[in-house]
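Coordinates from final.tsv are shown below (TSV, C-alpha atoms).
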```tsv
chain	number	residue	atom	x	y	z
F	19	MET	CA	-15.15	12.96	-68.76
F	20	GLU	CA	-15.64	13.65	-65.21
F	21	ASN	CA	-12.85	13.81	-62.64
F	22	LYS	CA	-14.01	12.26	-59.44
F	23	PRO	CA	-12.14	13.42	-56.35
F	24	LYS	CA	-10.28	10.65	-54.55
F	25	LYS	CA	-11.55	9.82	-51.09
F	26	LYS	CA	-8.88	10.23	-48.48
F	27	SER	CA	-8.41	7.53	-45.91
F	28	ILE	CA	-9.00	8.54	-42.33
F	29	PHE	CA	-5.86	6.73	-41.16
F	30	ASN	CA	-2.56	6.40	-42.93
F	31	VAL	CA	0.22	3.90	-42.20
F	32	PHE	CA	1.95	6.24	-39.75
F	33	ASP	CA	-1.25	6.69	-37.69
F	34	ILE	CA	-1.86	2.95	-37.53
F	35	ALA	CA	1.74	2.34	-36.37
F	36	LEU	CA	1.36	4.92	-33.58
F	37	ILE	CA	-1.91	3.33	-32.41
F	38	LEU	CA	-0.31	-0.13	-32.31
F	39	ILE	CA	2.70	1.15	-30.34
F	40	ALA	CA	0.41	2.88	-27.82
F	41	ALA	CA	-1.66	-0.30	-27.40
F	42	VAL	CA	1.43	-2.45	-26.80
F	43	LEU	CA	2.80	0.09	-24.32
F	44	ALA	CA	-0.53	0.14	-22.43
F	45	VAL	CA	-0.52	-3.67	-22.17
F	46	VAL	CA	3.08	-3.72	-20.88
F	47	ILE	CA	2.29	-1.08	-18.23
F	48	PHE	CA	-0.84	-2.96	-17.13
F	49	ILE	CA	1.05	-6.25	-16.79
F	50	SER	CA	3.93	-4.66	-14.86
F	51	ARG	CA	1.54	-2.93	-12.41
F	52	SER	CA	-0.63	-5.99	-11.67
F	53	PRO	CA	0.21	-8.25	-8.70
F	54	SER	CA	2.78	-10.95	-9.27
F	55	LYS	CA	1.29	-14.29	-10.29
F	56	ASP	CA	4.45	-16.12	-9.13
F	57	ALA	CA	4.10	-15.01	-5.53
F	58	PRO	CA	2.91	-17.74	-3.16
F	59	ALA	CA	-0.62	-17.74	-1.81
F	60	LEU	CA	-1.29	-16.71	1.78
F	61	GLU	CA	-3.23	-19.87	2.63
F	62	THR	CA	-1.06	-21.30	5.41
F	63	GLY	CA	-0.32	-18.06	7.28
F	64	GLU	CA	3.34	-19.08	7.61
F	65	LEU	CA	6.24	-16.91	6.58
F	66	THR	CA	7.93	-18.63	3.61
F	67	GLU	CA	10.19	-17.57	0.77
F	68	GLY	CA	8.51	-14.91	-1.35
F	69	MET	CA	6.55	-13.57	1.60
F	70	VAL	CA	7.04	-10.79	4.11
F	71	SER	CA	5.57	-10.05	7.52
F	72	TYR	CA	5.57	-6.38	8.37
F	73	THR	CA	4.17	-4.37	11.24
F	74	VAL	CA	2.47	-1.01	10.85
F	75	GLU	CA	1.20	1.49	13.38
F	76	ILE	CA	-1.91	3.61	12.84
F	77	THR	CA	-2.04	6.37	15.44
F	78	GLY	CA	-4.83	8.77	16.29
F	79	MET	CA	-7.76	6.45	15.60
F	80	GLN	CA	-10.96	7.49	17.38
F	81	ASN	CA	-11.79	5.39	20.43
F	82	GLY	CA	-13.48	2.17	19.39
F	83	THR	CA	-12.35	2.40	15.78
F	84	ALA	CA	-9.09	0.52	16.35
F	85	HIS	CA	-11.09	-2.44	17.66
F	86	LEU	CA	-12.58	-2.87	14.15
F	87	VAL	CA	-9.22	-4.24	12.99
F	88	SER	CA	-9.28	-8.02	13.29
F	89	VAL	CA	-7.15	-10.99	12.30
F	90	GLY	CA	-7.93	-12.13	8.77
F	91	ASP	CA	-8.81	-8.69	7.38
F	92	LYS	CA	-7.60	-8.04	3.84
F	93	LEU	CA	-5.93	-4.64	3.53
F	94	VAL	CA	-5.58	-2.60	0.34
F	95	GLU	CA	-3.57	0.51	-0.51
F	96	ARG	CA	-6.00	3.43	-0.70
F	97	SER	CA	-4.92	5.13	-3.94
F	98	HIS	CA	-4.21	2.20	-6.25
F	99	LYS	CA	-6.28	-0.52	-4.51
F	100	TRP	CA	-3.21	-2.79	-4.37
F	101	ASP	CA	-3.41	-5.82	-2.08
F	102	MET	CA	-1.31	-5.03	1.00
F	103	GLY	CA	-1.76	-8.41	2.68
F	104	THR	CA	-3.72	-10.10	5.45
F	105	VAL	CA	-3.81	-9.05	9.11
F	106	THR	CA	-2.21	-11.75	11.32
F	107	ALA	CA	-2.07	-9.90	14.66
F	108	VAL	CA	-3.51	-6.72	16.19
F	109	GLU	CA	-2.66	-4.83	19.35
F	110	VAL	CA	-4.67	-1.77	20.42
F	111	VAL	CA	-3.03	0.65	22.86
F	112	PRO	CA	-3.86	4.19	23.94
F	113	THR	CA	-2.21	6.86	21.83
F	114	THR	CA	0.61	8.54	23.72
F	115	ARG	CA	1.86	12.06	23.25
F	116	ARG	CA	5.15	13.49	24.49
F	117	THR	CA	4.39	16.48	26.70
F	118	GLN	CA	6.57	18.89	28.60
F	119	ASN	CA	6.01	19.83	32.22
F	120	GLN	CA	6.10	23.62	32.21
F	121	TYR	CA	7.44	23.86	35.75
F	122	THR	CA	10.24	21.28	35.62
F	123	ASN	CA	10.92	21.29	31.85
F	124	GLU	CA	10.83	17.48	31.87
F	125	PHE	CA	9.29	15.52	29.03
F	126	ARG	CA	7.10	12.48	29.54
F	127	ASP	CA	4.70	10.32	27.56
F	128	THR	CA	1.06	10.74	28.48
F	129	ASP	CA	-1.94	8.77	27.24
F	130	THR	CA	-4.57	10.63	25.29
F	131	HIS	CA	-8.04	9.52	26.21
F	132	LEU	CA	-9.66	10.39	22.88
F	133	THR	CA	-7.62	8.30	20.45
F	134	GLU	CA	-6.08	4.84	20.14
F	135	THR	CA	-3.17	3.32	18.28
F	136	ALA	CA	-3.49	0.06	16.35
F	137	ILE	CA	-0.29	-1.96	15.90
F	138	ILE	CA	-1.03	-4.35	13.03
F	139	THR	CA	1.09	-7.25	11.77
F	140	ILE	CA	0.45	-8.08	8.10
F	141	LEU	CA	1.46	-11.11	6.03
F	142	ALA	CA	1.86	-10.48	2.28
F	143	SER	CA	3.47	-11.97	-0.78
F	144	CYS	CA	6.43	-9.92	-1.96
F	145	THR	CA	9.08	-9.44	-4.59
F	146	GLU	CA	12.48	-7.81	-4.24
F	147	ASP	CA	14.24	-5.61	-6.75
F	148	ALA	CA	16.90	-2.91	-6.58
F	149	GLY	CA	16.98	-2.95	-2.80
F	150	ASN	CA	13.20	-2.64	-2.39
F	151	ILE	CA	10.75	-5.07	-0.86
F	152	ASN	CA	7.50	-4.78	-2.81
F	153	VAL	CA	4.29	-6.27	-1.51
F	154	ALA	CA	1.73	-7.53	-4.01
F	155	GLY	CA	0.71	-4.69	-6.25
F	156	ASN	CA	4.24	-3.22	-6.45
F	157	GLN	CA	3.93	-1.14	-3.26
F	158	PRO	CA	7.44	-0.75	-1.80
F	159	ILE	CA	7.68	-0.96	1.99
F	160	LYS	CA	10.50	0.39	4.15
F	161	ILE	CA	10.76	1.00	7.87
F	162	GLY	CA	9.58	4.52	8.65
F	163	GLN	CA	7.55	4.81	5.44
F	164	SER	CA	3.96	5.97	5.54
F	165	VAL	CA	1.43	3.72	3.79
F	166	ARG	CA	-2.24	4.63	3.30
F	167	MET	CA	-4.43	1.57	3.93
F	168	ASN	CA	-8.09	0.60	3.78
F	169	GLY	CA	-9.62	-2.23	5.74
F	170	PRO	CA	-13.22	-3.32	6.20
F	171	GLY	CA	-14.78	-0.43	8.15
F	172	TYR	CA	-11.57	1.53	8.79
F	173	TYR	CA	-8.70	3.31	7.08
F	174	GLY	CA	-5.62	5.20	8.07
F	175	SER	CA	-2.16	6.37	7.29
F	176	ALA	CA	0.11	3.74	8.79
F	177	THR	CA	3.83	3.87	9.50
F	178	VAL	CA	5.88	0.73	8.86
F	179	ILE	CA	7.73	-0.08	12.12
F	180	ALA	CA	9.13	-3.61	11.46
F	181	ILE	CA	9.78	-5.96	8.55
F	182	GLU	CA	10.55	-9.70	8.61
F	183	ARG	CA	11.33	-11.48	5.35
F	184	GLY	CA	10.57	-15.10	4.55
F	185	SER	CA	13.29	-17.77	4.55
F	186	GLY	CA	15.80	-17.86	1.74
F	187	LYS	CA	16.50	-14.10	1.63
```

Would you mind writing the structure in this file as structure tokens?
Amino acid sequence: MENKPKKKSIFNVFDIALILIAAVLAVVIFISRSPSKDAPALETGELTEGMVSYTVEITGMQNGTAHLVSVGDKLVERSHKWDMGTVTAVEVVPTTRRTQNQYTNEFRDTDTHLTETAIITILASCTEDAGNINVAGNQPIKIGQSVRMNGPGYYGSATVIAIERGSGK
């Protein structure tokens, strides 16, 4: 009589349970990081409940580059590719720097002739939780915060300078 060795299974019950838990956790993380499906669409361009209009400032753009920003551009966050909203207004001004007069020790703002500043107003769907306003894609925005954005043909690190929430909040 011959004793045949038993074949061992590659996976046991404990391994299968760990794989299932990891898969469920991955699905939950993916769903929580994706843009909210309940947020209203940006079709009308009006500020309604569940929407936010915020203004950002991108300074130090090379001359001519700031003019690439136009109304209707879709902006995305550079790292995660989250939807940051649609451009509703653009103002391009010369970049100013605060300089000191060496003789009088007075400070004044002077225009730099090599760079421009784009002041961009953006309309986006949003959610609020724990004191944060999150635009689609779970990107929190606060006044003074730096946000890295991509647009068609331009990018920059923008500073949030104003926020206006939709009605009902």

Sorted by chain and rising residue number, which residues of region 45-163 of chain F lie within 8 Å of region 176-181 of chain F, and what are their closest atom pairs and distances in Å to one decimal, counting all atoms listed in the file, as a Markdown table?
```
| residue | atom | partner | partner_atom | distance |
| --- | --- | --- | --- | --- |
| F:Val70 | CA | F:Ile181 | CA | 7.1 |
| F:Ser71 | CA | F:Ile181 | CA | 6.0 |
| F:Tyr72 | CA | F:Ile181 | CA | 4.2 |
| F:Thr73 | CA | F:Ala180 | CA | 5.0 |
| F:Val74 | CA | F:Val178 | CA | 4.3 |
| F:Glu75 | CA | F:Ala176 | CA | 5.2 |
| F:Ile76 | CA | F:Ala176 | CA | 4.5 |
| F:Thr77 | CA | F:Ala176 | CA | 7.5 |
| F:Ile159 | CA | F:Val178 | CA | 7.3 |
| F:Lys160 | CA | F:Val178 | CA | 6.6 |
| F:Ile161 | CA | F:Val178 | CA | 5.0 |
| F:Gly162 | CA | F:Val178 | CA | 5.3 |
| F:Gln163 | CA | F:Val178 | CA | 5.6 |
```

Nearest candidate to Val94 (chain F) (options F:Met79, F:Ala40, F:Ile140, F:Ile28; using only C-alpha atoms)
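Between F:Met79, F:Ala40, F:Ile140, F:Ile28, the residue approaching Val94 (chain F) most closely is F:Ile140.
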
Which of F:Thr139, F:Pro158, F:Arg115, F:Asn168 sits closest to Asp127 (chain F) [using all atoms listed in the file]
F:Arg115

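Using all atoms listed in the file, the shortest contact distance between Val165 (chain F) and any of F:Arg183, F:His85, F:Lys92, F:His98 is found at F:His98.
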
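Distance annotation: of F:Ile137, F:Phe48, F:His131, F:Val153, the residue with the minimal separation from Ala107 (chain F) is F:Ile137; atom set is all atoms listed in the file.
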
Of the residues F:Met167, F:Val110, F:Ile138, F:Val105, which is the one nearest to Gly90 (chain F), using all atoms listed in the file?
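Among F:Met167, F:Val110, F:Ile138, F:Val105, it is F:Val105 that comes nearest to Gly90 (chain F).
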
Distance criterion (only C-alpha atoms): nearest to Gly174 (chain F) out of F:Val87, F:Met69, F:Leu38, F:Val45:
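Closest to Gly174 (chain F) of all the choices is F:Val87.
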
Enclose all atoms of region 135-150 of chain F listed in the file in an axis-aligned box, grow every side by 8 Å, and hand back centre and edge lengths in Å to one decimal, as AutoDock Vina command-line options.
```
--center_x 6.7 --center_y -4.3 --center_z 5.8 --size_x 36.5 --size_y 31.3 --size_z 41.0
```

CA of Val89 (chain F) to CA of Val111 (chain F): how many Å, to one decimal?
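Interatomic distance, CA of Val89 (chain F) to CA of Val111 (chain F): 16.2 Å.
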
Coordinates-based distance that separates CA of Ala136 (chain F) from CA of Val108 (chain F) (Å, one decimal):
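Between CA of Val108 (chain F) and CA of Ala136 (chain F) the gap works out to 6.8 Å.
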
Separation of CA of Thr133 (chain F) from CA of Thr106 (chain F), in Å and rounded to one decimal
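Computed distance, CA of Thr133 (chain F) to CA of Thr106 (chain F), equals 22.7 Å.
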